[in-house]
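Asks: The structure under discussion is supplied below as structure tokens; questions concerning it will follow.
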Amino acid sequence: MKLSTRGRYGLRAAADLAVHAKEGPVSISSIAGRQNLSERYLEQLIARLKKAGIVKSIRGSSGGYVLTRPAGEISVGEILRALEGSMKVVDCPENGEACTNYDSCVTKYVWRRINDSINRTVDGMTLEEIITGRME
């Protein structure tokens, strides 16, 4: 599995919001400048995070974007799914309805374990852990 720039840059943007949360709403231009990202692309990423309920916009002259919850309550998996969609390496059906080889397929166990492992890993990491470097 390879994350697209959408997932990688969006996670950086969310981390930037977490780092600067105490300063109040953060503008797209300030995130773009610090992260060396295109403002137009960043707007698209923030829109996805907003739609997922991870960030919200604050209007006004000192407006910008803020996280909707503390960074310790937002998982990396939640952010990546908002940006990338499913985290599955292989889209193998959980039952035989969509697969004619399901009953005889031995690789379905491999894909399930890999998918489960990825999901456990990203769901077990919070935004706070990645910005503080307290990941084990």
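So you can find residues: chains in the structure tokens are A, B, ... in the order shown, residues in each start at 1, and ligands are numbered from 1 in order.
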Can you list, as a VMD selection string, all residues belonging to chain A that DSSP tags as strand (DSSP E)?

Replies: chain A and resid 55 to 58 64 to 67

Asks: Excluding Gly64 (chain A) and any residue of its chain fewer than 4 positions from it, enumerate the residues within 9 Å of it, using only C-alpha atoms, and give them as a VMD selection string.

Replies: chain A and resid 24 to 28 56 to 60

Asks: Would you mind exporting the chosen residues as a JSON list (two decimals), in the first residue's frame, restricted to N, CA, C and O atoms?

Replies:
[["chain", "number", "residue", "atom", "x", "y", "z"],
["A", 24, "GLY", "N", -4.92, 29.69, 18.28],
["A", 24, "GLY", "CA", -6.23, 30.01, 17.73],
["A", 24, "GLY", "C", -6.34, 29.50, 16.31],
["A", 24, "GLY", "O", -5.55, 28.68, 15.85],
["A", 25, "PRO", "N", -7.36, 29.99, 15.57],
["A", 25, "PRO", "CA", -7.55, 29.53, 14.19],
["A", 25, "PRO", "C", -6.30, 29.75, 13.33],
["A", 25, "PRO", "O", -5.64, 30.78, 13.45],
["A", 26, "VAL", "N", -6.02, 28.76, 12.50],
["A", 26, "VAL", "CA", -4.82, 28.78, 11.66],
["A", 26, "VAL", "C", -5.25, 28.95, 10.20],
["A", 26, "VAL", "O", -6.13, 28.25, 9.72],
["A", 27, "SER", "N", -4.60, 29.88, 9.51],
["A", 27, "SER", "CA", -4.96, 30.14, 8.11],
["A", 27, "SER", "C", -4.32, 29.12, 7.18],
["A", 27, "SER", "O", -3.27, 28.54, 7.48],
["A", 28, "ILE", "N", -4.97, 28.94, 6.05],
["A", 28, "ILE", "CA", -4.43, 28.06, 5.00],
["A", 28, "ILE", "C", -3.04, 28.54, 4.58],
["A", 28, "ILE", "O", -2.13, 27.74, 4.41],
["A", 56, "LYS", "N", -12.76, 22.34, 11.65],
["A", 56, "LYS", "CA", -13.85, 23.27, 11.36],
["A", 56, "LYS", "C", -13.26, 24.63, 11.05],
["A", 56, "LYS", "O", -12.13, 24.94, 11.44],
["A", 57, "SER", "N", -14.03, 25.41, 10.33],
["A", 57, "SER", "CA", -13.57, 26.74, 9.96],
["A", 57, "SER", "C", -14.15, 27.77, 10.91],
["A", 57, "SER", "O", -15.27, 27.63, 11.39],
["A", 58, "ILE", "N", -13.37, 28.81, 11.14],
["A", 58, "ILE", "CA", -13.78, 29.94, 11.96],
["A", 58, "ILE", "C", -13.75, 31.16, 11.04],
["A", 58, "ILE", "O", -12.71, 31.44, 10.43],
["A", 59, "ARG", "N", -14.86, 31.83, 10.94],
["A", 59, "ARG", "CA", -14.95, 33.00, 10.05],
["A", 59, "ARG", "C", -14.44, 34.26, 10.75],
["A", 59, "ARG", "O", -14.32, 34.31, 11.95],
["A", 60, "GLY", "N", -14.16, 35.25, 9.94],
["A", 60, "GLY", "CA", -13.77, 36.54, 10.47],
["A", 60, "GLY", "C", -12.35, 36.90, 10.12],
["A", 60, "GLY", "O", -11.61, 36.12, 9.52]]

Asks: Kindly give the distance, in Å, that separates CA of Cys99 (chain A) and CA of Asn115 (chain A), rounded to a single decimal.

Replies: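 CA of Cys99 (chain A) sits 17.6 Å away from CA of Asn115 (chain A).
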
Asks: Based on DSSP run over this structure's backbone, return all residues of chain A in alpha helix (DSSP H), as an MDAnalysis selection string.

Replies: chainID A and resid 5:19 28:35 39:51 76:84 108:123 127:132

Asks: Identify, on the basis of only C-alpha atoms, every residue whose closest approach to region 119-130 of chain A does not exceed 7 Å; exclude the query and any residue fewer than 3 positions from it along the same chain; express the result as a tab-separated table (two decimals) with N, CA and C atoms, in the first residue's frame.

Replies:
chain	number	residue	atom	x	y	z
A	15	ALA	N	-1.38	17.79	11.50
A	15	ALA	CA	-0.35	17.91	12.54
A	15	ALA	C	0.00	19.38	12.78
A	71	ALA	N	-6.09	16.90	20.01
A	71	ALA	CA	-5.25	16.04	19.16
A	71	ALA	C	-5.14	14.62	19.70
A	72	GLY	N	-5.24	14.44	21.00
A	72	GLY	CA	-5.16	13.12	21.59
A	72	GLY	C	-6.39	12.26	21.34
A	73	GLU	N	-7.45	12.88	20.82
A	73	GLU	CA	-8.69	12.16	20.53
A	73	GLU	C	-8.88	11.90	19.03
A	74	ILE	N	-7.91	12.29	18.22
A	74	ILE	CA	-8.01	12.12	16.77
A	74	ILE	C	-6.96	11.12	16.33
A	75	SER	N	-7.39	10.01	15.76
A	75	SER	CA	-6.43	8.99	15.34
A	75	SER	C	-5.90	9.29	13.95
A	76	VAL	N	-4.70	8.81	13.71
A	76	VAL	CA	-4.09	8.93	12.39
A	76	VAL	C	-4.96	8.20	11.37
A	77	GLY	N	-5.53	7.08	11.77
A	77	GLY	CA	-6.42	6.33	10.87
A	77	GLY	C	-7.63	7.13	10.44
A	87	MET	N	-8.39	1.93	3.92
A	87	MET	CA	-6.96	1.67	4.11
A	87	MET	C	-6.60	0.24	3.69
A	115	ASN	N	-4.58	-6.17	6.25
A	115	ASN	CA	-5.52	-5.06	6.41
A	115	ASN	C	-5.80	-4.76	7.88
A	116	ASP	N	-6.02	-5.80	8.68
A	116	ASP	CA	-6.29	-5.61	10.10
A	116	ASP	C	-5.08	-4.98	10.80
A	133	GLY	N	6.09	13.20	19.39
A	133	GLY	CA	7.13	12.18	19.22
A	133	GLY	C	7.06	11.07	20.24
A	134	ARG	N	5.91	10.91	20.87
A	134	ARG	CA	5.75	9.85	21.89
A	134	ARG	C	5.13	8.61	21.29
A	135	MET	N	5.71	8.14	20.23
A	135	MET	CA	5.17	6.93	19.59
A	135	MET	C	6.08	5.75	19.93

Asks: Can you list, as an MDAnalysis selection string, every protein, DNA or RNA residue that comes within 8 Å of region 52-55 of chain A when you count only C-alpha atoms, leaving out same-chain residues fewer than 5 positions away?

Replies: chainID A and resid 46 65:69 74 79 82

Asks: Which neighbours of Glu43 (chain A) fall inside 12 Å, counting only C-alpha atoms, when residues of the same chain fewer than 2 positions from it are skipped, and could you give them as a PyMOL selection string?

Replies: chain A and resi 6+9-10+13+27-29+31-32+37-41+45-50+57+64-65

Asks: Pull N, CA, C and O atoms from the residues just selected and write them as a compact mmCIF listing (two decimals), in the first residue's frame.

Replies:
# COMPACT_ATOMS: atom_id res chain seq x y z
N ARG A 6 -2.17 13.10 -1.11
CA ARG A 6 -3.34 13.55 -0.37
C ARG A 6 -3.24 13.11 1.10
O ARG A 6 -3.43 13.90 2.01
N TYR A 9 0.25 14.71 2.73
CA TYR A 9 0.18 16.16 2.95
C TYR A 9 -0.94 16.52 3.92
O TYR A 9 -0.82 17.43 4.73
N GLY A 10 -2.05 15.80 3.83
CA GLY A 10 -3.17 16.07 4.72
C GLY A 10 -2.83 15.76 6.17
O GLY A 10 -3.24 16.49 7.08
N ALA A 13 -0.77 18.60 7.37
CA ALA A 13 -1.61 19.77 7.65
C ALA A 13 -2.34 19.61 8.98
O ALA A 13 -2.41 20.56 9.77
N SER A 27 -4.60 29.88 9.51
CA SER A 27 -4.96 30.14 8.11
C SER A 27 -4.32 29.12 7.18
O SER A 27 -3.27 28.54 7.48
N ILE A 28 -4.97 28.94 6.05
CA ILE A 28 -4.43 28.06 5.00
C ILE A 28 -3.04 28.54 4.58
O ILE A 28 -2.13 27.74 4.41
N SER A 29 -2.90 29.84 4.43
CA SER A 29 -1.61 30.37 3.96
C SER A 29 -0.49 30.11 4.95
O SER A 29 0.65 29.82 4.54
N ILE A 31 -0.32 27.53 7.11
CA ILE A 31 -0.01 26.09 7.03
C ILE A 31 0.80 25.83 5.76
O ILE A 31 1.82 25.14 5.80
N ALA A 32 0.32 26.37 4.65
CA ALA A 32 1.01 26.17 3.36
C ALA A 32 2.45 26.65 3.43
O ALA A 32 3.36 25.96 2.93
N LEU A 37 3.50 23.70 1.01
CA LEU A 37 2.44 23.10 0.21
C LEU A 37 1.71 24.17 -0.58
O LEU A 37 1.65 25.33 -0.16
N SER A 38 1.12 23.78 -1.67
CA SER A 38 0.29 24.67 -2.47
C SER A 38 -0.98 25.01 -1.69
O SER A 38 -1.65 24.11 -1.16
N GLU A 39 -1.34 26.28 -1.64
CA GLU A 39 -2.56 26.69 -0.95
C GLU A 39 -3.80 26.07 -1.59
O GLU A 39 -4.71 25.65 -0.89
N ARG A 40 -3.82 26.01 -2.90
CA ARG A 40 -4.99 25.44 -3.59
C ARG A 40 -5.17 23.96 -3.25
O ARG A 40 -6.29 23.50 -3.02
N TYR A 41 -4.08 23.22 -3.23
CA TYR A 41 -4.15 21.80 -2.90
C TYR A 41 -4.53 21.63 -1.43
O TYR A 41 -5.36 20.79 -1.07
N LEU A 45 -7.58 19.51 0.67
CA LEU A 45 -7.34 18.57 1.76
C LEU A 45 -8.12 18.97 3.02
O LEU A 45 -8.75 18.14 3.66
N ILE A 46 -8.07 20.26 3.33
CA ILE A 46 -8.79 20.76 4.50
C ILE A 46 -10.30 20.55 4.32
O ILE A 46 -11.01 20.21 5.26
N ALA A 47 -10.79 20.71 3.10
CA ALA A 47 -12.22 20.47 2.83
C ALA A 47 -12.60 19.03 3.15
O ALA A 47 -13.68 18.78 3.71
N ARG A 48 -11.74 18.09 2.82
CA ARG A 48 -12.02 16.68 3.14
C ARG A 48 -12.01 16.45 4.65
O ARG A 48 -12.84 15.71 5.19
N LEU A 49 -11.06 17.07 5.34
CA LEU A 49 -10.98 16.94 6.79
C LEU A 49 -12.17 17.61 7.46
O LEU A 49 -12.69 17.12 8.47
N LYS A 50 -12.62 18.70 6.88
CA LYS A 50 -13.80 19.40 7.41
C LYS A 50 -15.05 18.53 7.22
O LYS A 50 -15.86 18.39 8.14
N SER A 57 -14.03 25.41 10.33
CA SER A 57 -13.57 26.74 9.96
C SER A 57 -14.15 27.77 10.91
O SER A 57 -15.27 27.63 11.39
N GLY A 64 -9.82 31.08 10.48
CA GLY A 64 -8.96 30.04 9.94
C GLY A 64 -9.55 28.69 10.28
O GLY A 64 -10.77 28.54 10.35
N TYR A 65 -8.70 27.74 10.54
CA TYR A 65 -9.15 26.38 10.82
C TYR A 65 -8.63 25.91 12.16
O TYR A 65 -7.53 26.26 12.58

Asks: Mind giving me the straight-line distance from CA of Trp111 (chain A) to CA of Lys51 (chain A) in Å, one decimal?

Replies: 29.4 Å
